[in-house]
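Data block below; observations after.
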Amino acid sequence: MLEIHIRDGRTGEHHKKIRFEDIEKYHCGQYLMAIAVAFRILQAGIQELCGDQAPLRKDITIMSGHGGPGFRDAIEYVTRATTHGTLTVDVNYPVAQYDPHRAQSYTFVITISGGDSVEVSLNDGFLPLEFYDLLEKGRAGTRTENDELRLDQLKKELCERALAMSTEELLTIKRLSSVI
């Protein structure tokens, strides 16, 4: 089962098991691919940094290369990084820049206070060119109703795929030697 374990509270007394379905309930449902990918990135990064130990939410800092609402919702639900002021967005982060239409990194750098950092990136090829082209049409105001329907279908398919793939197929995980 895909879960992220987090501790919360003044002394970490509250242990929380967060599943994708929890984030999906919190989220508006429009950006399913993003919340699925963000969930998997957070899960992999926290596992890499903490092993079987659940970190304190307040000790997690995130740099996201993607500022979209699905990514932000997943980050906030799992870590409360927006609430705690520990989320930064850098769309120019030089890793996993796959969108041919604009700067946008599909990478998170996750840091645990007093510990190491890990860079977790979506693997190239997961998102098809059609996905980026449909997003660009939306920004240009030229997306048709058929395009909207196709984008919705594509987001749902990519969400299901992201949740079904192995971590190695979906993501690249790199330990960083110094805290960012």
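Residue numbering restarts at 1 in every chain; chains get A, B, ... in the order shown in the structure tokens, and ligands count up from 1 in that same order.
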Close residues, Thr172 of chain A itself excluded, 9 Å, only C-alpha atoms, min 5 positions apart in chain, as a list of chain:residue names: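 Close residues of Thr172 of chain A: A:Glu119, A:Val120, A:Ser121, A:Leu122, A:Asn123, A:Thr167.
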Per-residue nearest contacts segment 114-168 of chain A to segment 49-62 of chain A, cut-off 8 Å, using only C-alpha atoms, as a tab-separated table:
```
residue	atom	partner	partner_atom	distance
A:Asp116	CA	A:Leu49	CA	7.0
A:Ser117	CA	A:Leu49	CA	7.3
A:Val118	CA	A:Leu49	CA	7.0
```
Next, the residues of the selection above should be written as an mmCIF file, in the first residue's frame with N, CA, C and O atoms.
```cif
data_model
loop_
_atom_site.group_PDB
_atom_site.id
_atom_site.type_symbol
_atom_site.label_atom_id
_atom_site.label_comp_id
_atom_site.auth_asym_id
_atom_site.auth_seq_id
_atom_site.Cartn_x
_atom_site.Cartn_y
_atom_site.Cartn_z
ATOM 1 N N ASP A 116 20.173 15.379 5.855
ATOM 2 C CA ASP A 116 20.566 15.492 4.461
ATOM 3 C C ASP A 116 19.398 15.967 3.603
ATOM 4 O O ASP A 116 18.268 16.093 4.070
ATOM 5 N N SER A 117 19.717 16.177 2.338
ATOM 6 C CA SER A 117 18.710 16.521 1.345
ATOM 7 C C SER A 117 18.701 15.442 0.268
ATOM 8 O O SER A 117 19.696 14.767 0.037
ATOM 9 N N VAL A 118 17.564 15.336 -0.388
ATOM 10 C CA VAL A 118 17.437 14.409 -1.497
ATOM 11 C C VAL A 118 16.711 15.132 -2.631
ATOM 12 O O VAL A 118 15.811 15.923 -2.396
#
```
Contacts of segment 90-100 of chain A within 12 Å, only C-alpha atoms, excl. fewer than 6 positions in-chain, as a ChimeraX atom specification: /A:62-68,106-109,119-136,171-174
May I have the residues within 6 Å of segment 31-46 of chain A as a ChimeraX atom specification, using only C-alpha atoms and disregarding those fewer than 5 positions away in the same chain? /A:4,70-71,74,155,158-159
Please produce a file of those selected residues containing N, CA, C and O atoms, as a PDB file, in the first residue's frame.
```pdb
ATOM      1  N   ILE A   4       2.486   7.506   3.205  1.00  0.00           N
ATOM      2  CA  ILE A   4       3.548   8.339   3.746  1.00  0.00           C
ATOM      3  C   ILE A   4       3.272   8.462   5.234  1.00  0.00           C
ATOM      4  O   ILE A   4       2.153   8.762   5.636  1.00  0.00           O
ATOM      5  N   GLY A  70      -1.818  21.376  -8.206  1.00  0.00           N
ATOM      6  CA  GLY A  70      -1.813  19.977  -7.779  1.00  0.00           C
ATOM      7  C   GLY A  70      -0.573  19.641  -6.967  1.00  0.00           C
ATOM      8  O   GLY A  70      -0.649  18.988  -5.925  1.00  0.00           O
ATOM      9  N   PHE A  71       0.574  20.114  -7.430  1.00  0.00           N
ATOM     10  CA  PHE A  71       1.816  19.882  -6.696  1.00  0.00           C
ATOM     11  C   PHE A  71       1.769  20.588  -5.344  1.00  0.00           C
ATOM     12  O   PHE A  71       2.122  20.008  -4.316  1.00  0.00           O
ATOM     13  N   ALA A  74      -0.584  18.741  -2.821  1.00  0.00           N
ATOM     14  CA  ALA A  74       0.008  17.519  -2.266  1.00  0.00           C
ATOM     15  C   ALA A  74       1.095  17.855  -1.245  1.00  0.00           C
ATOM     16  O   ALA A  74       1.144  17.260  -0.160  1.00  0.00           O
ATOM     17  N   LYS A 155      -4.970  13.287 -17.858  1.00  0.00           N
ATOM     18  CA  LYS A 155      -4.585  13.467 -16.451  1.00  0.00           C
ATOM     19  C   LYS A 155      -4.982  12.258 -15.613  1.00  0.00           C
ATOM     20  O   LYS A 155      -4.217  11.802 -14.761  1.00  0.00           O
ATOM     21  N   LEU A 158      -2.653   9.318 -16.543  1.00  0.00           N
ATOM     22  CA  LEU A 158      -1.314   9.530 -15.994  1.00  0.00           C
ATOM     23  C   LEU A 158      -1.302   9.372 -14.482  1.00  0.00           C
ATOM     24  O   LEU A 158      -0.326   8.861 -13.915  1.00  0.00           O
ATOM     25  N   CYS A 159      -2.372   9.775 -13.831  1.00  0.00           N
ATOM     26  CA  CYS A 159      -2.505   9.578 -12.385  1.00  0.00           C
ATOM     27  C   CYS A 159      -2.460   8.084 -12.062  1.00  0.00           C
ATOM     28  O   CYS A 159      -1.678   7.650 -11.206  1.00  0.00           O
TER      29      CYS A 159
END
```
Return as a PyMOL selection string the full set of residues in chain A whose backbone-based DSSP assignment is strand (DSSP E). chain A and resi 3-8+14-19+60-64+87-89+107-112+117-122+171-176
Between A:Ala140, A:Ile110, A:Thr11, A:Glu148, which has the minimum distance to Arg175 of chain A (counting only C-alpha atoms)?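 Of all the options, A:Ile110 lies closest to Arg175 of chain A.
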Could you give me the residues within chain A that DSSP places in helix (DSSP H, G or I), as a VMD selection string? chain A and resid 20 to 26 32 to 50 57 to 59 69 to 79 81 to 84 129 to 140 145 to 164 167 to 170
Point-to-point distance in Å for atom CA of Ile75 of chain A and atom CA of Arg19 of chain A: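 We find that atom CA of Arg19 of chain A and atom CA of Ile75 of chain A lie 12.8 Å from each other.
Distance-wise, atom CA of Glu3 of chain A and atom CA of Ile18 of chain A end up 5.4 Å apart.
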A:Gln30, A:Thr88, A:Gly138, A:Asp152: which is nearest His101 of chain A, counting only C-alpha atoms? A:Gly138
